[in-house]
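What's in final-v8.csv: CSV, C-alpha atoms and all ligand atoms
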```
chain,number,residue,atom,x,y,z
A,1,MET,CA,33.7,0.8,-37.8
A,2,PRO,CA,37.1,1.0,-35.9
A,3,GLU,CA,37.1,-1.0,-32.7
A,4,SER,CA,37.5,2.1,-30.5
A,5,ALA,CA,34.1,3.3,-31.6
A,6,ASP,CA,32.5,0.3,-29.8
A,7,ARG,CA,34.4,0.8,-26.6
A,8,SER,CA,32.5,2.0,-23.6
A,9,ARG,CA,33.2,5.5,-22.3
A,10,VAL,CA,32.1,4.5,-18.8
A,11,PHE,CA,35.0,4.1,-16.3
A,12,HIS,CA,35.3,2.6,-12.8
A,13,GLU,CA,37.6,1.2,-10.3
A,14,ILE,CA,35.6,-2.0,-9.5
A,15,ASP,CA,37.5,-5.3,-9.9
A,16,PHE,CA,34.6,-7.7,-10.5
A,17,ASP,CA,36.8,-10.7,-9.9
A,18,ARG,CA,38.2,-9.6,-6.5
A,19,PRO,CA,36.8,-11.5,-3.5
A,20,GLY,CA,35.1,-9.3,-0.8
A,21,LYS,CA,32.8,-6.3,-1.0
A,22,GLN,CA,33.4,-3.3,-3.1
A,23,ILE,CA,31.1,-0.3,-3.2
A,24,GLY,CA,31.8,2.3,-5.8
A,25,TYR,CA,30.6,4.1,-8.9
A,26,LEU,CA,30.3,3.7,-12.6
A,27,ARG,CA,31.4,7.1,-14.0
A,28,VAL,CA,29.5,8.2,-17.1
A,29,PRO,CA,31.1,11.2,-18.8
A,30,GLN,CA,28.7,14.1,-19.0
A,31,SER,CA,30.5,17.2,-20.1
A,32,ARG,CA,28.7,20.5,-19.2
A,33,ASP,CA,29.4,24.2,-18.9
A,34,GLY,CA,32.0,24.5,-16.1
A,35,GLY,CA,32.7,20.8,-16.1
A,36,ALA,CA,34.6,19.7,-19.2
A,37,TRP,CA,35.4,16.3,-17.6
A,38,ALA,CA,32.3,16.0,-15.4
A,39,THR,CA,30.8,12.6,-14.8
A,40,ILE,CA,27.6,11.2,-13.4
A,41,GLU,CA,28.4,8.6,-10.7
A,42,ILE,CA,26.1,5.6,-10.8
A,43,PRO,CA,26.2,3.5,-7.6
A,44,ILE,CA,27.3,-0.1,-7.9
A,45,ALA,CA,28.3,-2.7,-5.4
A,46,VAL,CA,29.9,-6.1,-6.0
A,47,VAL,CA,29.9,-8.7,-3.3
A,48,ASN,CA,32.1,-11.6,-4.3
A,49,GLY,CA,32.2,-14.7,-2.2
A,50,GLY,CA,34.4,-16.8,-4.5
A,51,PRO,CA,33.3,-19.6,-6.8
A,52,GLY,CA,29.6,-19.9,-7.6
A,53,PRO,CA,27.0,-18.2,-9.8
A,54,SER,CA,26.8,-14.5,-10.7
A,55,VAL,CA,23.6,-12.5,-10.4
A,56,LEU,CA,22.6,-8.9,-11.1
A,57,PHE,CA,20.0,-7.1,-9.0
A,58,THR,CA,18.9,-3.7,-10.2
A,59,GLY,CA,16.5,-0.9,-9.0
A,60,GLY,CA,15.9,2.6,-10.0
A,61,VAL,CA,15.8,2.0,-13.7
A,62,HIS,CA,12.8,4.4,-13.5
A,63,GLY,CA,13.2,7.2,-11.0
A,64,ASP,CA,9.6,7.3,-9.8
A,65,GLU,CA,9.8,3.6,-8.6
A,66,TYR,CA,11.2,3.4,-5.0
A,67,GLU,CA,11.0,-0.2,-3.8
A,68,GLY,CA,13.9,-1.4,-5.9
A,69,PRO,CA,16.4,1.3,-4.7
A,70,ILE,CA,15.4,0.5,-1.0
A,71,ALA,CA,15.7,-3.3,-1.3
A,72,VAL,CA,18.8,-3.4,-3.6
A,73,SER,CA,20.8,-0.9,-1.6
A,74,GLY,CA,19.8,-2.6,1.7
A,75,LEU,CA,21.1,-5.9,0.4
A,76,ALA,CA,24.3,-4.3,-0.8
A,77,ARG,CA,24.9,-3.1,2.7
A,78,SER,CA,24.0,-6.3,4.5
A,79,LEU,CA,25.3,-9.0,2.3
A,80,ASP,CA,28.4,-10.6,3.8
A,81,PRO,CA,30.9,-12.0,1.3
A,82,GLN,CA,32.1,-14.5,3.9
A,83,SER,CA,28.7,-16.2,3.8
A,84,LEU,CA,28.2,-15.9,0.0
A,85,ARG,CA,29.0,-18.5,-2.7
A,86,GLY,CA,29.4,-16.6,-6.0
A,87,ARG,CA,29.0,-13.0,-6.9
A,88,VAL,CA,26.2,-10.5,-6.6
A,89,ILE,CA,26.3,-7.2,-8.6
A,90,LEU,CA,23.9,-4.6,-7.2
A,91,MET,CA,22.8,-1.4,-8.8
A,92,PRO,CA,20.2,0.3,-6.6
A,93,ALA,CA,19.6,3.4,-8.7
A,94,VAL,CA,20.6,2.6,-12.3
A,95,ASP,CA,19.2,5.9,-13.8
A,96,LEU,CA,20.4,8.0,-10.8
A,97,PRO,CA,19.5,11.4,-12.4
A,98,ALA,CA,15.9,10.1,-12.8
A,99,ALA,CA,15.9,8.6,-9.3
A,100,LEU,CA,17.1,12.0,-7.8
A,101,ALA,CA,14.4,13.8,-9.7
A,102,GLY,CA,11.7,11.2,-8.9
A,103,ARG,CA,10.9,10.9,-12.6
A,104,ARG,CA,10.4,8.1,-15.0
A,105,MET,CA,12.3,9.8,-17.8
A,106,CYS,CA,16.0,10.7,-17.4
A,107,PRO,CA,16.3,14.5,-16.9
A,108,ILE,CA,19.7,14.6,-18.7
A,109,ASP,CA,18.6,13.2,-22.1
A,110,GLY,CA,14.8,12.9,-21.7
A,111,ARG,CA,15.0,9.2,-22.4
A,112,ASP,CA,13.3,6.2,-20.7
A,113,PHE,CA,16.3,4.2,-19.6
A,114,ASN,CA,14.4,0.9,-20.1
A,115,ARG,CA,14.0,1.7,-23.8
A,116,CYS,CA,17.7,2.3,-24.5
A,117,PHE,CA,19.1,-1.2,-24.8
A,118,PRO,CA,21.4,-2.4,-26.3
A,119,GLY,CA,22.7,1.2,-26.0
A,120,ASP,CA,25.3,3.1,-27.8
A,121,PRO,CA,28.8,4.1,-26.5
A,122,ARG,CA,28.6,7.3,-28.6
A,123,GLY,CA,25.0,8.1,-27.7
A,124,SER,CA,23.3,10.1,-25.0
A,125,PHE,CA,23.8,9.5,-21.2
A,126,CYS,CA,21.2,6.7,-21.0
A,127,GLN,CA,22.5,5.0,-24.2
A,128,VAL,CA,26.1,5.1,-23.0
A,129,LEU,CA,25.1,3.5,-19.6
A,130,ALA,CA,22.8,1.0,-21.2
A,131,HIS,CA,25.7,0.0,-23.5
A,132,PHE,CA,28.0,-0.6,-20.6
A,133,ILE,CA,25.5,-2.7,-18.8
A,134,ASP,CA,24.7,-4.7,-21.9
A,135,SER,CA,28.3,-5.2,-23.0
A,136,THR,CA,30.2,-5.5,-19.7
A,137,ILE,CA,27.8,-6.5,-16.9
A,138,LEU,CA,25.3,-8.8,-18.5
A,139,PRO,CA,28.0,-11.1,-20.0
A,140,MET,CA,29.2,-11.7,-16.4
A,141,VAL,CA,25.9,-12.9,-14.9
A,142,GLU,CA,23.5,-15.9,-15.2
A,143,ILE,CA,20.5,-14.3,-13.5
A,144,SER,CA,19.0,-10.7,-13.6
A,145,VAL,CA,16.3,-9.4,-11.4
A,146,ASP,CA,15.2,-5.8,-12.2
A,147,VAL,CA,12.9,-4.4,-9.5
A,148,HIS,CA,10.3,-1.8,-10.8
A,149,ALA,CA,7.0,-0.4,-9.7
A,150,ALA,CA,4.3,1.0,-12.0
A,151,GLY,CA,5.6,4.5,-11.7
A,152,SER,CA,3.6,7.7,-11.1
A,153,ALA,CA,0.8,6.8,-13.6
A,154,MET,CA,-0.3,3.3,-12.4
A,155,GLU,CA,-0.3,0.9,-9.5
A,156,ALA,CA,0.6,-2.8,-10.2
A,157,ALA,CA,-0.8,-5.9,-8.5
A,158,PRO,CA,2.4,-6.9,-6.8
A,159,SER,CA,4.1,-9.2,-9.4
A,160,SER,CA,7.2,-10.4,-11.2
A,161,ASN,CA,7.0,-10.5,-14.9
A,162,MET,CA,8.8,-12.2,-17.8
A,163,HIS,CA,8.7,-12.6,-21.5
A,164,TRP,CA,7.2,-15.7,-23.1
A,165,LYS,CA,10.0,-17.6,-24.9
A,166,ALA,CA,10.0,-20.3,-27.5
A,167,ASP,CA,13.0,-21.9,-25.9
A,168,VAL,CA,11.5,-24.4,-23.5
A,169,GLU,CA,14.5,-24.7,-21.2
A,170,MET,CA,14.9,-21.0,-20.9
A,171,MET,CA,11.1,-20.6,-20.3
A,172,GLN,CA,11.3,-23.3,-17.5
A,173,LYS,CA,14.3,-21.6,-15.8
A,174,THR,CA,12.6,-18.2,-15.9
A,175,LEU,CA,9.4,-19.6,-14.5
A,176,ALA,CA,11.5,-21.2,-11.7
A,177,LEU,CA,13.3,-17.9,-11.0
A,178,ALA,CA,9.9,-16.1,-10.7
A,179,GLU,CA,8.5,-18.9,-8.4
A,180,ASN,CA,11.4,-18.4,-6.1
A,181,PHE,CA,11.3,-14.6,-6.2
A,182,ALA,CA,7.7,-15.4,-5.0
A,183,ALA,CA,5.7,-12.2,-5.6
A,184,PRO,CA,1.9,-12.8,-5.3
A,185,TYR,CA,1.7,-12.9,-9.2
A,186,ASN,CA,4.1,-13.7,-12.0
A,187,VAL,CA,3.0,-12.3,-15.4
A,188,VAL,CA,4.2,-13.9,-18.6
A,189,PHE,CA,3.8,-11.4,-21.4
A,190,TRP,CA,4.0,-10.9,-25.0
A,191,GLY,CA,4.9,-7.2,-24.7
A,192,VAL,CA,4.3,-3.9,-26.3
A,193,ASP,CA,7.7,-2.3,-27.2
A,194,GLU,CA,9.8,-4.8,-25.3
A,195,THR,CA,12.9,-5.3,-27.3
A,196,ALA,CA,14.8,-2.3,-25.8
A,197,THR,CA,14.4,-3.2,-22.1
A,198,LEU,CA,17.0,-4.5,-19.7
A,199,ALA,CA,15.2,-7.8,-19.5
A,200,ALA,CA,15.2,-8.2,-23.3
A,201,ALA,CA,18.9,-7.3,-23.4
A,202,ALA,CA,19.6,-9.9,-20.7
A,203,GLU,CA,17.8,-12.6,-22.6
A,204,ARG,CA,19.8,-11.8,-25.7
A,205,ARG,CA,22.9,-12.5,-23.6
A,206,GLY,CA,21.4,-15.9,-22.4
A,207,VAL,CA,20.7,-14.5,-18.9
A,208,ILE,CA,17.6,-15.8,-17.1
A,209,ALA,CA,15.7,-12.5,-16.4
A,210,ILE,CA,12.7,-11.3,-14.6
A,211,ALA,CA,11.5,-7.8,-13.7
A,212,ALA,CA,9.1,-7.0,-10.9
A,213,GLU,CA,6.3,-4.5,-10.5
A,214,LEU,CA,5.9,-3.9,-6.7
A,215,GLY,CA,4.0,-0.7,-6.2
A,216,GLY,CA,3.1,2.5,-8.1
A,217,TYR,CA,1.3,5.8,-7.9
A,218,GLY,CA,4.7,7.4,-7.3
A,219,ARG,CA,5.0,6.4,-3.7
A,220,VAL,CA,6.7,3.7,-1.6
A,221,SER,CA,4.6,0.5,-1.1
A,222,VAL,CA,5.1,-1.1,2.3
A,223,GLU,CA,4.1,-4.5,0.9
A,224,GLY,CA,6.2,-3.9,-2.2
A,225,VAL,CA,9.4,-3.3,-0.2
A,226,ARG,CA,8.7,-6.4,1.8
A,227,ILE,CA,8.2,-8.5,-1.3
A,228,ALA,CA,11.3,-7.1,-3.0
A,229,ARG,CA,13.5,-7.7,0.0
A,230,ARG,CA,12.2,-11.3,0.5
A,231,GLY,CA,12.4,-12.0,-3.2
A,232,LEU,CA,16.1,-11.0,-3.6
A,233,ASP,CA,16.9,-13.1,-0.6
A,234,ASN,CA,14.9,-16.0,-1.9
A,235,VAL,CA,16.7,-15.9,-5.2
A,236,LEU,CA,20.1,-16.1,-3.5
A,237,LYS,CA,18.8,-19.1,-1.4
A,238,TRP,CA,17.4,-20.8,-4.5
A,239,MET,CA,20.7,-20.4,-6.3
A,240,ARG,CA,22.4,-21.9,-3.1
A,241,MET,CA,24.5,-18.7,-2.9
A,242,ILE,CA,23.5,-18.2,0.7
A,243,ASP,CA,22.1,-20.7,3.3
A,244,GLY,CA,18.4,-21.2,3.7
A,245,ILE,CA,15.2,-22.2,1.9
A,246,PRO,CA,13.2,-19.7,-0.1
A,247,ASP,CA,10.0,-18.6,1.6
A,248,THR,CA,7.4,-18.5,-1.1
A,249,SER,CA,4.2,-18.3,1.1
A,250,GLN,CA,1.6,-15.6,0.3
A,251,PRO,CA,-0.4,-13.3,2.5
A,252,ASP,CA,-3.7,-15.1,1.4
A,253,GLY,CA,-2.3,-18.4,2.6
A,254,THR,CA,-1.4,-19.8,-0.8
A,255,PRO,CA,2.0,-21.5,-1.1
A,256,GLY,CA,3.5,-19.6,-4.0
A,257,THR,CA,3.3,-17.2,-6.9
A,258,ARG,CA,0.3,-17.4,-9.2
A,259,HIS,CA,1.3,-17.5,-12.9
A,260,MET,CA,-0.7,-15.1,-15.1
A,261,GLU,CA,-0.3,-13.8,-18.6
A,262,VAL,CA,-1.0,-10.9,-20.9
A,263,ARG,CA,-1.1,-12.7,-24.2
A,264,ASP,CA,-2.2,-10.0,-26.6
A,265,GLN,CA,-3.2,-6.4,-27.1
A,266,LYS,CA,-6.7,-7.2,-25.8
A,267,GLY,CA,-5.3,-7.1,-22.2
A,268,TYR,CA,-4.5,-3.4,-22.7
A,269,VAL,CA,-7.1,-0.7,-22.3
A,270,PHE,CA,-6.3,2.4,-24.4
A,271,ALA,CA,-7.7,5.9,-23.8
A,272,PRO,CA,-10.1,6.7,-26.7
A,273,SER,CA,-9.3,10.5,-26.4
A,274,ASP,CA,-7.7,13.0,-24.2
A,275,GLY,CA,-9.4,13.5,-20.8
A,276,LEU,CA,-9.4,12.9,-17.1
A,277,PHE,CA,-9.7,9.2,-16.4
A,278,GLU,CA,-11.7,7.9,-13.5
A,279,PRO,CA,-10.8,4.2,-12.9
A,280,LEU,CA,-13.3,1.9,-11.2
A,281,HIS,CA,-11.1,-0.9,-10.1
A,282,LEU,CA,-8.1,-1.6,-7.8
A,283,PRO,CA,-5.1,-3.8,-8.7
A,284,GLY,CA,-6.0,-7.5,-8.5
A,285,ALA,CA,-9.8,-7.0,-9.0
A,286,GLU,CA,-11.5,-9.6,-11.2
A,287,VAL,CA,-13.0,-8.1,-14.3
A,288,ARG,CA,-14.8,-9.3,-17.5
A,289,ALA,CA,-14.7,-8.2,-21.1
A,290,GLY,CA,-17.3,-5.5,-21.7
A,291,GLN,CA,-17.3,-4.5,-18.0
A,292,LEU,CA,-16.7,-0.8,-17.3
A,293,ALA,CA,-13.0,0.0,-16.6
A,294,GLY,CA,-13.8,3.6,-15.9
A,295,HIS,CA,-15.0,6.9,-17.3
A,296,LEU,CA,-13.2,9.6,-19.3
A,297,HIS,CA,-14.3,13.1,-18.1
A,298,PHE,CA,-14.0,16.3,-20.0
A,299,VAL,CA,-13.6,19.1,-17.4
A,300,GLU,CA,-13.1,21.8,-20.0
A,301,GLU,CA,-16.5,20.8,-21.5
A,302,TRP,CA,-18.6,20.4,-18.4
A,303,GLU,CA,-21.8,19.8,-20.4
A,304,ARG,CA,-20.3,16.8,-22.2
A,305,SER,CA,-21.2,13.4,-20.6
A,306,PRO,CA,-18.3,11.2,-19.5
A,307,VAL,CA,-17.3,8.5,-22.0
A,308,PRO,CA,-17.4,4.9,-20.6
A,309,VAL,CA,-14.3,2.8,-21.3
A,310,GLU,CA,-14.6,-1.0,-21.2
A,311,PHE,CA,-12.2,-3.9,-20.6
A,312,ARG,CA,-11.7,-6.0,-23.6
A,313,THR,CA,-10.8,-9.3,-22.0
A,314,ASP,CA,-11.6,-11.4,-18.8
A,315,GLY,CA,-9.1,-11.5,-16.0
A,316,PHE,CA,-7.6,-9.6,-13.1
A,317,VAL,CA,-6.4,-6.0,-13.1
A,318,TRP,CA,-2.6,-6.1,-13.3
A,319,MET,CA,-2.0,-2.4,-13.8
A,320,ALA,CA,-4.6,0.1,-12.4
A,321,PRO,CA,-4.4,3.7,-13.7
A,322,GLY,CA,-4.2,6.6,-11.4
A,323,GLN,CA,-2.6,9.3,-13.4
A,324,GLY,CA,-5.6,11.6,-13.8
A,325,ARG,CA,-5.0,13.3,-17.2
A,326,VAL,CA,-4.5,10.9,-20.0
A,327,ARG,CA,-3.9,11.3,-23.8
A,328,LYS,CA,-5.6,9.5,-26.6
A,329,GLY,CA,-3.7,6.2,-27.0
A,330,ASP,CA,-2.4,6.0,-23.4
A,331,VAL,CA,-2.6,2.7,-21.7
A,332,ILE,CA,-5.2,3.1,-18.9
A,333,GLY,CA,-5.2,-0.4,-17.5
A,334,VAL,CA,-3.8,-3.9,-18.2
A,335,VAL,CA,-5.7,-7.1,-17.5
A,336,MET,CA,-3.9,-10.4,-16.8
A,337,ALA,CA,-5.4,-13.8,-17.1
A,338,PRO,CA,-4.4,-17.2,-15.6
A,339,HIS,CA,-1.4,-18.5,-17.5
A,340,SER,CA,-1.9,-21.5,-19.8
A,341,ALA,CA,1.1,-23.4,-21.0
A,342,GLU,CA,0.1,-23.6,-24.7
B,1,ZN,ZN,9.7,0.8,-14.2
```

Using structure tokens, write down the structure from this file.
Ligand SMILES: [Zn+2]
Amino acid sequence: MPESADRSRVFHEIDFDRPGKQIGYLRVPQSRDGGAWATIEIPIAVVNGGPGPSVLFTGGVHGDEYEGPIAVSGLARSLDPQSLRGRVILMPAVDLPAALAGRRMCPIDGRDFNRCFPGDPRGSFCQVLAHFIDSTILPMVEISVDVHAAGSAMEAAPSSNMHWKADVEMMQKTLALAENFAAPYNVVFWGVDETATLAAAAERRGVIAIAAELGGYGRVSVEGVRIARRGLDNVLKWMRMIDGIPDTSQPDGTPGTRHMEVRDQKGYVFAPSDGLFEPLHLPGAEVRAGQLAGHLHFVEEWERSPVPVEFRTDGFVWMAPGQGRVRKGDVIGVVMAPHSAE
């Protein structure tokens, strides 16, 4: 393949090495009727305070998750390069078309942005942007924090999350990042379909990466925004990029994040058929294997009894469903258990 085929088609006027604050756009070409050279402008800010670490904070990878865009854009406005050591790259609405539409999937190409890595410079909108982030931005940073919520379908127990890794040093550093972000829970997981995410791409580049799930049900979580704002601030303090000591205290009086895990498929509850799912538990509820997770109702066959759906493992509800209509095979709940080091 000639080298030009690998080159990103995204252009911008940001100088990532220049000290000070720059707020601008990544321009992703998106030709359309009446706009041969049209672009989609993705907001990006770079706050460069000189020598020090580089970190990437992202929100709006999914457009129906609102805490990240609020927290990341707020930090982009308030962060003063004069009091910063190192560089913070902030992207508050990575999949901007999805964020404007309030949807998980990108309305331009119908893709889930967080399933597009490592991307493709000749691919669709999401693939082109994912390729730029993977090939240009991730190689510049040591830390990545990607703020999500559970979207329209679910509500998450407020948490950071990370992949389990065989590399002990990387595992320890990622646990430390999560402890300093300091959401009430940190979930270590052995995921379903996780190789194409931003966090997975970051890890392939040697970046210490966590994501966070700080709300859901398609609305803004008051507590989620608070945790996101404090978490990003905490990470900068932990990295000694700004002055201060991370505040890791929790509303229940505990001193820090509680490490949890989703080790295998048993943590996931799958819909046994299409229907209307009635959940019985809120995020954070303690549950047991065999306990009722909820009932699947069949409103088009009123005489049919609801089908009980059970949890398959002991633990606490990480993701609580609230989407109403579900299809056979949909995940309608995820259970996390206390993390064990083995
Ligand atoms: Zn998300």

**OP:** Using all atoms listed in the file, determine which residues lie at most 7 Å from A:Arg27, disregarding the query and same-chain residues fewer than 3 positions distant; provide the list as a list in words.
**Re:**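 Near neighbours after the sequence-gap exclusion: Val10, Phe11, His12, Thr39, Ile40, Glu41 and Ile42 of chain A.
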
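Closest approach to A:Gln265 from the set A:Arg312, A:Arg304, A:His295, A:Arg32 is made by A:Arg312, with distances taken over all atoms listed in the file.
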
Original post:
When distances are computed from all atoms listed in the file, which of A:Met336, A:Leu79, A:Ala71, A:Val61 shows the smallest separation from A:Pro97?
Top reply: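 With all atoms listed in the file as the atom set, the closest residue is A:Val61.
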
**OP:** Pick out the closest residue to ligand ZN 1 (chain B) from this set: A:Asp146, A:Asp243, A:Asp264, A:Glu223. Count all atoms listed in the file.
**Re:**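 Ranking A:Asp146, A:Asp243, A:Asp264, A:Glu223 by distance to ligand ZN 1 (chain B), first place goes to A:Asp146.
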
Which residues of chain A come within 10 Å of ligand ZN 1 (chain B), and for each one, what is the closest pair of atoms and their distance in Å to one decimal, counting all atoms listed in the file, sorted by chain and residue number, as CSV?
```
residue,atom,partner,partner_atom,distance
A:Gly59,CA,B:ZN1,ZN,8.7
A:Gly60,CA,B:ZN1,ZN,7.7
A:Val61,CA,B:ZN1,ZN,6.2
A:His62,CA,B:ZN1,ZN,4.8
A:Gly63,CA,B:ZN1,ZN,8.0
A:Asp64,CA,B:ZN1,ZN,7.8
A:Glu65,CA,B:ZN1,ZN,6.3
A:Tyr66,CA,B:ZN1,ZN,9.7
A:Gly68,CA,B:ZN1,ZN,9.6
A:Arg104,CA,B:ZN1,ZN,7.4
A:Asp112,CA,B:ZN1,ZN,9.2
A:Phe113,CA,B:ZN1,ZN,9.2
A:Asn114,CA,B:ZN1,ZN,7.5
A:Asp146,CA,B:ZN1,ZN,8.8
A:Val147,CA,B:ZN1,ZN,7.7
A:His148,CA,B:ZN1,ZN,4.3
A:Ala149,CA,B:ZN1,ZN,5.4
A:Ala150,CA,B:ZN1,ZN,5.8
A:Gly151,CA,B:ZN1,ZN,6.1
A:Ser152,CA,B:ZN1,ZN,9.7
A:Ala211,CA,B:ZN1,ZN,8.8
A:Ala212,CA,B:ZN1,ZN,8.5
A:Glu213,CA,B:ZN1,ZN,7.3
A:Leu214,CA,B:ZN1,ZN,9.6
A:Gly215,CA,B:ZN1,ZN,9.9
A:Gly216,CA,B:ZN1,ZN,9.1
```

Subject >> Neighbour list for A:Val334 as number ranges by chain, cut-off 12 Å, all atoms listed in the file, skip fewer than 2 positions in-chain >> reply: A: 150, 154-157, 187, 189, 191-192, 261-271, 279, 281-287, 293, 310-321, 330-332, 336-337

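Nearest-residue note for A:Val222: choosing from A:Leu236, A:Ala38, A:Pro158, A:Arg87, the minimum distance belongs to A:Pro158, counting all atoms listed in the file.
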
Taking all atoms listed in the file into account, produce a table as a Markdown table in which each residue of stretch 7-58 of chain A with an atom at most 8 Å from an atom of stretch 122-130 of chain A appears once, together with its shortest atom pair and the distance in Å to one decimal, ordered by chain and rising number.
```
| residue | atom | partner | partner_atom | distance |
| --- | --- | --- | --- | --- |
| A:Ser8 | CA | A:Val128 | CA | 7.1 |
| A:Arg9 | CA | A:Val128 | CA | 7.1 |
| A:Val10 | CA | A:Leu129 | CA | 7.1 |
| A:Val28 | CA | A:Leu129 | CA | 6.9 |
| A:Pro29 | CA | A:Phe125 | CA | 7.9 |
| A:Gln30 | CA | A:Phe125 | CA | 7.1 |
```
